[in-house]
$ cat query00.cif   # mmCIF, C-alpha atoms
data_my_file
#
loop_
_atom_site.label_atom_id
_atom_site.label_comp_id
_atom_site.auth_asym_id
_atom_site.auth_seq_id
_atom_site.Cartn_x
_atom_site.Cartn_y
_atom_site.Cartn_z
CA ILE A 1096 22.96 -20.40 1.11
CA GLY A 1097 24.39 -21.82 -2.10
CA ARG A 1098 24.14 -18.73 -4.32
CA PRO A 1099 27.22 -17.46 -6.21
CA MET A 1100 28.31 -14.01 -5.05
CA ASN A 1101 31.78 -13.75 -6.69
CA PHE A 1102 33.40 -12.86 -3.39
CA ALA A 1103 36.75 -14.05 -4.76
CA GLY A 1104 36.72 -11.24 -7.31
CA HIS A 1105 36.81 -8.53 -4.63
CA ASN A 1106 38.97 -7.54 -1.70
CA ALA A 1107 36.74 -4.97 0.04
CA PHE A 1108 33.06 -5.31 0.82
CA TRP A 1109 30.57 -2.48 1.35
CA SER A 1110 26.84 -2.79 1.92
CA VAL A 1111 23.85 -0.46 2.18
CA GLY A 1112 22.74 -2.89 4.85
CA LEU A 1113 23.81 -0.60 7.67
CA SER A 1114 23.69 -3.41 10.23
CA MET A 1115 25.88 -5.80 8.25
CA GLY A 1116 28.49 -7.04 10.68
CA ARG A 1117 26.65 -5.15 13.42
CA GLY A 1118 23.81 -7.47 14.33
CA ALA A 1119 22.21 -8.53 11.04
CA VAL A 1120 20.87 -12.08 11.16
CA ILE A 1121 22.54 -13.48 8.04
CA PRO A 1122 24.99 -16.26 7.13
CA ASP A 1123 28.59 -15.50 8.03
CA THR A 1124 30.51 -15.24 4.76
CA GLY A 1125 33.82 -14.72 6.50
CA HIS A 1126 34.14 -11.18 5.15
CA GLU A 1127 34.32 -7.86 6.95
CA TRP A 1128 31.39 -5.79 5.72
CA LYS A 1129 31.68 -2.02 5.64
CA PRO A 1130 28.29 -0.30 6.04
CA VAL A 1131 27.73 2.72 3.82
CA VAL A 1132 24.76 4.98 3.17
CA PRO A 1133 23.91 5.47 -0.51
CA PRO A 1134 25.39 8.88 -1.42
CA VAL A 1135 23.55 11.55 -3.38
CA CYS A 1136 24.87 14.35 -5.59
CA ARG A 1137 22.77 17.28 -4.46
CA ARG A 1138 23.83 19.34 -7.44
CA PHE A 1139 21.30 17.27 -9.39
CA TRP A 1140 19.02 16.01 -6.62
CA SER A 1141 17.64 18.98 -4.70
CA PRO A 1142 14.48 21.09 -4.95
CA GLU A 1143 16.54 23.85 -6.59
CA ALA A 1144 17.76 21.48 -9.31
CA VAL A 1145 14.21 20.70 -10.45
CA GLN A 1146 13.31 23.40 -12.94
CA SER A 1147 9.90 22.08 -13.98
CA LEU A 1148 7.22 19.78 -12.63
CA SER A 1149 5.12 19.81 -15.79
CA SER A 1150 6.60 16.73 -17.47
CA PRO A 1151 4.52 13.58 -18.03
CA ALA A 1152 6.27 11.74 -15.20
CA ALA A 1153 5.71 14.61 -12.79
CA LYS A 1154 2.02 14.63 -13.59
CA MET A 1155 1.84 10.90 -12.82
CA GLY A 1156 3.34 11.38 -9.37
CA ARG A 1157 1.90 14.73 -8.38
CA GLY A 1158 0.49 14.85 -4.87
CA ARG A 1159 0.59 11.08 -4.32
CA TRP A 1160 2.55 8.88 -1.99
CA THR A 1161 4.69 6.84 -4.35
CA THR A 1162 7.53 4.38 -4.66
CA VAL A 1163 9.50 2.68 -7.43
CA THR A 1164 10.26 -1.00 -6.98
CA HIS A 1165 10.49 -4.55 -8.21
CA TRP A 1166 7.46 -6.42 -6.92
CA TYR A 1167 9.33 -9.64 -6.21
CA GLY A 1168 13.03 -8.97 -6.77
CA TYR A 1169 14.35 -12.38 -5.75
CA ALA A 1170 13.12 -15.82 -4.78
CA ALA A 1171 12.49 -16.58 -1.12
CA VAL A 1172 15.26 -18.27 0.87
CA GLU A 1173 15.10 -20.50 3.94
CA TRP A 1174 17.97 -20.38 6.42
CA GLU A 1175 18.13 -21.82 9.94
CA GLY A 1176 14.36 -21.95 10.22
CA ARG A 1177 13.81 -18.40 9.02
CA HIS A 1178 11.96 -17.40 5.86
CA TYR A 1179 13.63 -14.58 3.93
CA GLY A 1180 10.93 -13.45 1.51
CA ASN A 1181 10.58 -10.73 -1.11
CA LYS A 1182 8.78 -7.39 -1.18
CA ALA A 1183 5.43 -8.83 -2.30
CA THR A 1184 5.19 -10.48 1.13
CA GLU A 1185 5.32 -7.10 2.86
CA PHE A 1186 3.03 -5.34 0.36
CA GLU A 1187 0.36 -7.93 1.18
CA LYS A 1188 0.38 -6.83 4.82
CA LEU A 1189 -0.26 -3.24 3.70
CA LYS A 1190 -3.02 -4.01 1.24
CA LYS A 1191 -5.68 -2.16 3.25
CA TRP A 1192 -3.52 0.93 3.77
CA PRO A 1193 -5.46 3.04 1.19
CA GLU A 1194 -8.79 2.15 2.78
CA ARG A 1195 -7.52 2.95 6.27
CA THR A 1196 -5.85 6.25 5.34
CA GLY A 1197 -8.03 7.60 2.53
CA LEU A 1198 -4.87 7.91 0.43
CA SER A 1199 -4.26 6.39 -2.99
CA PRO A 1200 -0.59 5.42 -3.39
CA ARG A 1201 1.06 4.94 -6.76
CA VAL A 1202 3.65 2.21 -7.29
CA VAL A 1203 5.96 2.13 -10.29
CA THR A 1204 6.66 -1.56 -10.65
CA ASP A 1205 7.11 -4.58 -12.87
CA LEU A 1206 3.99 -6.34 -11.53
CA GLY A 1207 2.06 -7.20 -14.67
CA PRO A 1208 -1.69 -7.49 -15.23
CA GLY A 1209 -3.46 -10.31 -13.46
CA GLU A 1210 -5.43 -11.35 -10.42
CA GLU A 1211 -2.83 -10.20 -7.90
CA ARG A 1212 -2.62 -6.70 -9.36
CA GLU A 1213 -6.39 -6.41 -9.71
CA GLY A 1214 -6.80 -7.22 -6.03
CA TYR A 1215 -4.58 -4.31 -5.07
CA GLU A 1216 -6.28 -1.95 -7.51
CA GLU A 1217 -9.64 -2.81 -5.98
CA ALA A 1218 -8.12 -1.98 -2.59
CA GLY A 1219 -7.11 1.51 -3.76
CA TRP A 1220 -3.58 1.02 -5.05
CA ASN A 1221 -2.46 2.43 -8.40
CA PHE A 1222 0.25 0.89 -10.57
CA LEU A 1223 2.39 2.61 -13.19
CA GLU A 1224 4.62 1.16 -15.88
CA PRO A 1225 8.34 1.81 -15.28
CA GLY A 1226 9.28 2.88 -18.81
CA PRO A 1227 7.90 6.44 -18.94
CA ILE A 1228 9.31 7.21 -15.49
CA CYS A 1229 12.56 5.27 -15.21
CA SER A 1230 14.02 5.37 -18.73
CA ASP A 1231 15.27 8.95 -18.29
CA TRP A 1232 16.78 10.14 -15.02
CA ARG A 1233 15.23 13.58 -15.39
CA GLU A 1234 11.76 12.08 -15.65
CA TYR A 1235 12.55 9.87 -12.67
CA ARG A 1236 13.62 12.94 -10.70
CA ALA A 1237 10.48 14.82 -11.72
CA PHE A 1238 8.28 11.92 -10.61
CA LEU A 1239 9.91 11.78 -7.18
CA ALA A 1240 9.93 15.56 -6.77
CA ALA A 1241 6.24 15.88 -7.64
CA SER A 1242 5.27 13.10 -5.24
CA ARG A 1243 3.87 13.76 -1.79
CA GLY A 1244 6.56 11.47 -0.42
CA GLU A 1245 7.68 7.87 -0.47
CA PHE A 1246 5.69 5.12 1.19
CA SER A 1247 7.28 1.71 0.87
CA PRO A 1248 7.74 -1.62 2.56
CA ALA A 1249 11.11 -3.33 2.47
CA LYS A 1250 11.82 -6.81 1.21
CA SER A 1251 10.73 -9.35 3.78
CA GLY A 1252 14.21 -10.83 3.92
CA TYR A 1253 15.69 -7.49 4.93
CA VAL A 1254 13.08 -7.14 7.66
CA VAL A 1255 13.61 -10.65 9.03
CA ALA A 1256 17.39 -10.26 8.94
CA GLN A 1257 17.29 -6.70 10.32
CA THR A 1258 20.06 -5.83 7.88
CA GLY A 1259 19.65 -2.09 8.29
CA TRP A 1260 19.00 -1.90 4.54
CA PHE A 1261 18.40 1.64 3.31
CA SER A 1262 17.49 2.41 -0.29
CA ASP A 1263 19.23 4.76 -2.71
CA ARG A 1264 15.71 5.57 -3.93
CA SER A 1265 14.71 6.80 -0.48
CA VAL A 1266 17.87 8.91 -0.41
CA LEU A 1267 16.69 10.71 -3.55
CA TYR A 1268 13.23 11.44 -2.13
CA LEU A 1269 14.84 12.91 0.98
CA SER A 1270 17.26 15.02 -1.02
CA LEU A 1271 14.33 16.44 -3.00
CA GLY A 1272 12.65 17.48 0.25
CA ARG A 1273 10.07 14.70 0.19
CA PRO A 1274 9.28 12.79 3.41
CA VAL A 1275 9.95 9.06 3.46
CA LEU A 1276 7.79 6.53 5.31
CA LEU A 1277 9.84 3.35 5.13
CA GLN A 1278 9.52 -0.04 6.78
CA GLU A 1279 11.98 -0.65 9.56
CA THR A 1280 14.88 -2.95 8.75
CA GLY A 1281 17.06 -1.70 11.58
CA TRP A 1282 18.09 1.41 9.63
CA SER A 1283 16.81 3.71 12.39
CA ARG A 1284 19.79 2.63 14.51
CA TRP A 1285 22.06 4.47 12.11
CA LEU A 1286 20.05 7.35 10.62
CA PRO A 1287 17.83 10.04 12.19
CA GLU A 1288 14.23 8.84 12.47
CA GLY A 1289 11.01 10.61 13.35
CA LYS A 1290 11.00 13.80 11.27
CA GLY A 1291 11.31 13.65 7.50
CA LEU A 1292 12.40 10.03 7.64
CA VAL A 1293 9.86 7.89 9.47
CA ALA A 1294 9.84 4.16 10.24
CA PHE A 1295 6.98 1.72 10.60
CA GLU A 1296 7.07 -1.89 11.75
CA ASN A 1297 3.51 -3.05 11.07
CA PRO A 1298 0.33 -2.00 9.22
CA ASP A 1299 -1.09 -0.08 12.19
CA GLU A 1300 2.07 1.98 12.50
CA ALA A 1301 2.05 2.64 8.74
CA VAL A 1302 -1.39 4.21 9.15
CA GLU A 1303 -0.50 6.16 12.28
CA ARG A 1304 2.81 7.49 11.01
CA VAL A 1305 1.48 8.80 7.70
CA ALA A 1306 -1.16 10.73 9.66
CA GLU A 1307 1.61 12.27 11.75
CA ILE A 1308 3.50 13.31 8.62
CA GLU A 1309 0.41 14.80 7.00
CA ALA A 1310 -0.35 16.78 10.17
CA SER A 1311 2.97 18.66 9.89
CA TYR A 1312 3.90 18.03 6.29
CA GLU A 1313 6.04 21.11 5.65
CA ALA A 1314 8.17 20.45 8.74
CA HIS A 1315 8.72 16.87 7.62
CA GLY A 1316 9.73 18.08 4.17
CA ARG A 1317 12.33 20.42 5.63
CA ALA A 1318 13.62 17.67 7.91
CA ALA A 1319 13.87 15.27 4.97
CA GLU A 1320 16.17 17.59 3.05
CA GLU A 1321 18.22 18.31 6.17
CA ILE A 1322 18.86 14.58 6.64
CA ALA A 1323 20.05 14.35 3.05
CA ARG A 1324 22.28 17.39 3.47
CA GLU A 1325 23.87 16.26 6.72
CA HIS A 1326 24.10 12.49 6.30
CA LEU A 1327 23.72 11.48 2.65
CA ASP A 1328 25.40 14.18 0.58
CA GLY A 1329 28.18 12.55 -1.44
CA THR A 1330 30.73 15.09 -0.20
CA ARG A 1331 30.20 13.66 3.28
CA ALA A 1332 29.14 10.05 2.69
CA ILE A 1333 31.83 9.05 0.18
CA PRO A 1334 34.83 10.17 2.28
CA LYS A 1335 33.36 8.27 5.24
CA ALA A 1336 33.06 5.14 3.10
CA LEU A 1337 36.62 5.44 1.78
CA ALA A 1338 37.92 5.96 5.30
CA LEU A 1339 36.86 2.39 6.06
CA LEU A 1340 39.44 0.98 3.63
#
$ encode --input "query00.cif" --output "structure tokens"
Amino acid sequence: IGRPMNFAGHNAFWSVGLSMGRGAVIPDTGHEWKPVVPPVCRRFWSPEAVQSLSSPAAKMGRGRWTTVTHWYGYAAVEWEGRHYGNKATEFEKLKKWPERTGLSPRVVTDLGPGEEREGYEEAGWNFLEPGPICSDWREYRAFLAASRGEFSPAKSGYVVAQTGWFSDRSVLYLSLGRPVLLQETGWSRWLPEGKGLVAFENPDEAVERVAEIEASYEAHGRAAEEIAREHLDGTRAIPKALALL
């Protein structure tokens, strides 16, 4: 697609797109992609590691469905008649989610003031500046740990391509015992889905699935941490990745 990737500077290629080389609809670069889940060090990212939820960042996230993201991330790309868009495209489809659920999600993002942001705020979304939350990893951890869980779309391009993309951010929520409601990119083919880690494919499912989580929230929280322990812990995930060399 004409974008420099510096492939020549590397001799092994991993991707958190878990379907790379296994069905993802993307250009063939001629490389063998090794799918890998983002690993987590549970020594620092577990409920036991969080000593206090009284910090400013924790107060900003407390009890809310949250996420941390670039609003756009990259420019849209056209390839073989398909439109590979950014995350703003998928947020737009979920604009009425607060109205339909009675929930008020908080998004830590780089979307600045303006008409687009105001439209979401009127629809019940809340936006937070990244600095106070993301500039210190302990504050970031406190924000995630105090949150109700993560609710997030994926970038449109990942959805269209069905790359199996799975976020390191979602890994941290799970490891902290927080449920994750994440848009389907094909990741459910490779990770447990349904309890603790829940997929949605469209706005209706996003509404239905959060209701299911809320109805048995504690069970979903336990399942979230179990997924992190069994599948994402660095002591398990990293050896599996290295074994692909």
$ atom_distance --input "query00.cif" --atom1 "CA of Pro1142 (chain A)" --atom2 "CA of Glu1296 (chain A)"
29.4 Å
$ resolve_selection --input "query00.cif" --expression "the PyMOL selection byres ((chain A and resi 1312-1319) around 8)" --output "number ranges by chain"
A: 1269-1270, 1272-1275, 1290-1292, 1308-1311, 1320-1323
$ residues_near_point --input "query00.cif" --point "(10.6, 2.8, -8.6)" --cutoff "8 Å" --atoms "all atoms listed in the file" --output "ChimeraX atom specification"
/A:1162-1165,1202-1204,1225,1229,1264
$ atom_distance --input "query00.cif" --atom1 "CA of Tyr1215 (chain A)" --atom2 "CA of Lys1190 (chain A)"
6.5 Å
$ resolve_selection --input "query00.cif" --expression "the PyMOL selection byres ((chain A and resi 1255) around 9)" --output "list in words"
Val1120, Arg1177, His1178, Tyr1179, Gly1180, Lys1250, Ser1251, Gly1252, Tyr1253, Val1254, Ala1256, Gln1257, Thr1258 and Thr1280 of chain A
$ residues_around --input "query00.cif" --residues "Phe1139 (chain A)" --least-positions-apart "6" --cutoff "10 Å" --atoms "only C-alpha atoms" --output "list of chain:residue names"
A:Val1145, A:Arg1233, A:Arg1236, A:Leu1267, A:Ser1270, A:Leu1271
$ closest_residue --input "query00.cif" --among "A:Ser1247, A:Ser1283, A:Asn1101, A:Ser1262" --to "Phe1186 (chain A)" --atoms "only C-alpha atoms"
A:Ser1247
$ residues_near_point --input "query00.cif" --point "(31.5, 11.3, 7.8)" --cutoff "12 Å" --atoms "all atoms listed in the file" --output "list of chain:residue names"
A:Val1131, A:Val1132, A:Pro1134, A:Arg1324, A:Glu1325, A:His1326, A:Leu1327, A:Asp1328, A:Gly1329, A:Thr1330, A:Arg1331, A:Ala1332, A:Ile1333, A:Pro1334, A:Lys1335, A:Ala1336, A:Leu1337, A:Ala1338, A:Leu1339
$ closest_residue --input "query00.cif" --among "A:Ile1228, A:Ala1249, A:Val1293, A:Val1266" --to "Val1135 (chain A)" --atoms "all atoms listed in the file"
A:Val1266
$ atom_distance --input "query00.cif" --atom1 "CA of Trp1160 (chain A)" --atom2 "CA of Phe1261 (chain A)"
18.2 Å
$ resolve_selection --input "query00.cif" --expression "the PyMOL selection byres ((chain A and resi 1304) around 8)" --output "CSV table (one decimal) with C-alpha atoms, keeping the file's coordinate frame"
chain,number,residue,atom,x,y,z
A,1276,LEU,CA,7.8,6.5,5.3
A,1293,VAL,CA,9.9,7.9,9.5
A,1294,ALA,CA,9.8,4.2,10.2
A,1295,PHE,CA,7.0,1.7,10.6
A,1300,GLU,CA,2.1,2.0,12.5
A,1301,ALA,CA,2.0,2.6,8.7
A,1302,VAL,CA,-1.4,4.2,9.2
A,1303,GLU,CA,-0.5,6.2,12.3
A,1305,VAL,CA,1.5,8.8,7.7
A,1306,ALA,CA,-1.2,10.7,9.7
A,1307,GLU,CA,1.6,12.3,11.8
A,1308,ILE,CA,3.5,13.3,8.6
$ closest_residue --input "query00.cif" --among "A:Ser1242, A:Thr1161, A:Gly1209, A:Leu1113" --to "Trp1285 (chain A)" --atoms "only C-alpha atoms"
A:Leu1113
$ axis_aligned_box --input "query00.cif" --around "region 1196-1213 of chain A" --padding-each-side "8 Å" --output "AutoDock Vina command-line options"
--center_x -0.5 --center_y -1.7 --center_z -4.9 --size_x 31.1 --size_y 35.3 --size_z 36.6
$ closest_residue --input "query00.cif" --among "A:Asn1106, A:Asn1297, A:Asn1221, A:Gln1278" --to "Met1155 (chain A)" --atoms "only C-alpha atoms"
A:Asn1221
$ closest_residue --input "query00.cif" --among "A:Leu1340, A:Ala1237, A:Leu1223, A:Leu1286" --to "Pro1133 (chain A)" --atoms "only C-alpha atoms"
A:Leu1286
$ residues_around --input "query00.cif" --residues "Arg1157 (chain A)" --least-positions-apart "3" --cutoff "6 Å" --atoms "only C-alpha atoms" --output "ChimeraX atom specification"
/A:1153-1154,1241-1242
$ residues_around --input "query00.cif" --residues "Trp1166 (chain A)" --least-positions-apart "4" --cutoff "8 Å" --atoms "only C-alpha atoms" --output "NGL selection string"
:A and (1181-1183 or 1204-1206)
$ build_atoms --input "query00.cif" --residues "region 1265-1283 of chain A" --atoms "N, CA and C atoms" --output "tab-separated table (two decimals), in the coordinates of the input"
chain	number	residue	atom	x	y	z
A	1265	SER	N	15.17	5.98	-1.61
A	1265	SER	CA	14.71	6.80	-0.48
A	1265	SER	C	15.62	8.00	-0.27
A	1266	VAL	N	16.91	7.81	-0.51
A	1266	VAL	CA	17.87	8.91	-0.41
A	1266	VAL	C	17.48	10.04	-1.35
A	1267	LEU	N	17.05	9.69	-2.56
A	1267	LEU	CA	16.69	10.71	-3.55
A	1267	LEU	C	15.43	11.47	-3.14
A	1268	TYR	N	14.43	10.75	-2.64
A	1268	TYR	CA	13.23	11.44	-2.13
A	1268	TYR	C	13.63	12.45	-1.06
A	1269	LEU	N	14.43	12.02	-0.11
A	1269	LEU	CA	14.84	12.91	0.98
A	1269	LEU	C	15.56	14.14	0.44
A	1270	SER	N	16.47	13.92	-0.49
A	1270	SER	CA	17.26	15.02	-1.02
A	1270	SER	C	16.41	16.02	-1.78
A	1271	LEU	N	15.27	15.56	-2.30
A	1271	LEU	CA	14.33	16.44	-3.00
A	1271	LEU	C	13.34	17.10	-2.04
A	1272	GLY	N	13.54	16.88	-0.74
A	1272	GLY	CA	12.65	17.48	0.25
A	1272	GLY	C	11.32	16.78	0.40
A	1273	ARG	N	11.30	15.48	0.09
A	1273	ARG	CA	10.07	14.70	0.19
A	1273	ARG	C	10.18	13.71	1.36
A	1274	PRO	N	9.23	13.72	2.28
A	1274	PRO	CA	9.28	12.79	3.41
A	1274	PRO	C	9.28	11.33	2.95
A	1275	VAL	N	9.88	10.50	3.74
A	1275	VAL	CA	9.95	9.06	3.46
A	1275	VAL	C	9.37	8.29	4.63
A	1276	LEU	N	8.39	7.45	4.33
A	1276	LEU	CA	7.79	6.53	5.31
A	1276	LEU	C	8.20	5.13	4.88
A	1277	LEU	N	9.17	4.57	5.58
A	1277	LEU	CA	9.84	3.35	5.13
A	1277	LEU	C	9.81	2.28	6.22
A	1278	GLN	N	9.56	1.06	5.81
A	1278	GLN	CA	9.52	-0.04	6.78
A	1278	GLN	C	10.86	-0.20	7.48
A	1279	GLU	N	10.78	-0.49	8.74
A	1279	GLU	CA	11.98	-0.65	9.56
A	1279	GLU	C	12.72	-1.94	9.21
A	1280	THR	N	14.01	-1.79	8.95
A	1280	THR	CA	14.88	-2.95	8.75
A	1280	THR	C	16.05	-2.91	9.74
A	1281	GLY	N	15.95	-1.99	10.68
A	1281	GLY	CA	17.06	-1.70	11.58
A	1281	GLY	C	17.81	-0.44	11.19
A	1282	TRP	N	17.38	0.21	10.09
A	1282	TRP	CA	18.09	1.41	9.63
A	1282	TRP	C	18.01	2.57	10.62
A	1283	SER	N	16.96	2.58	11.46
A	1283	SER	CA	16.81	3.71	12.39
A	1283	SER	C	17.88	3.71	13.48
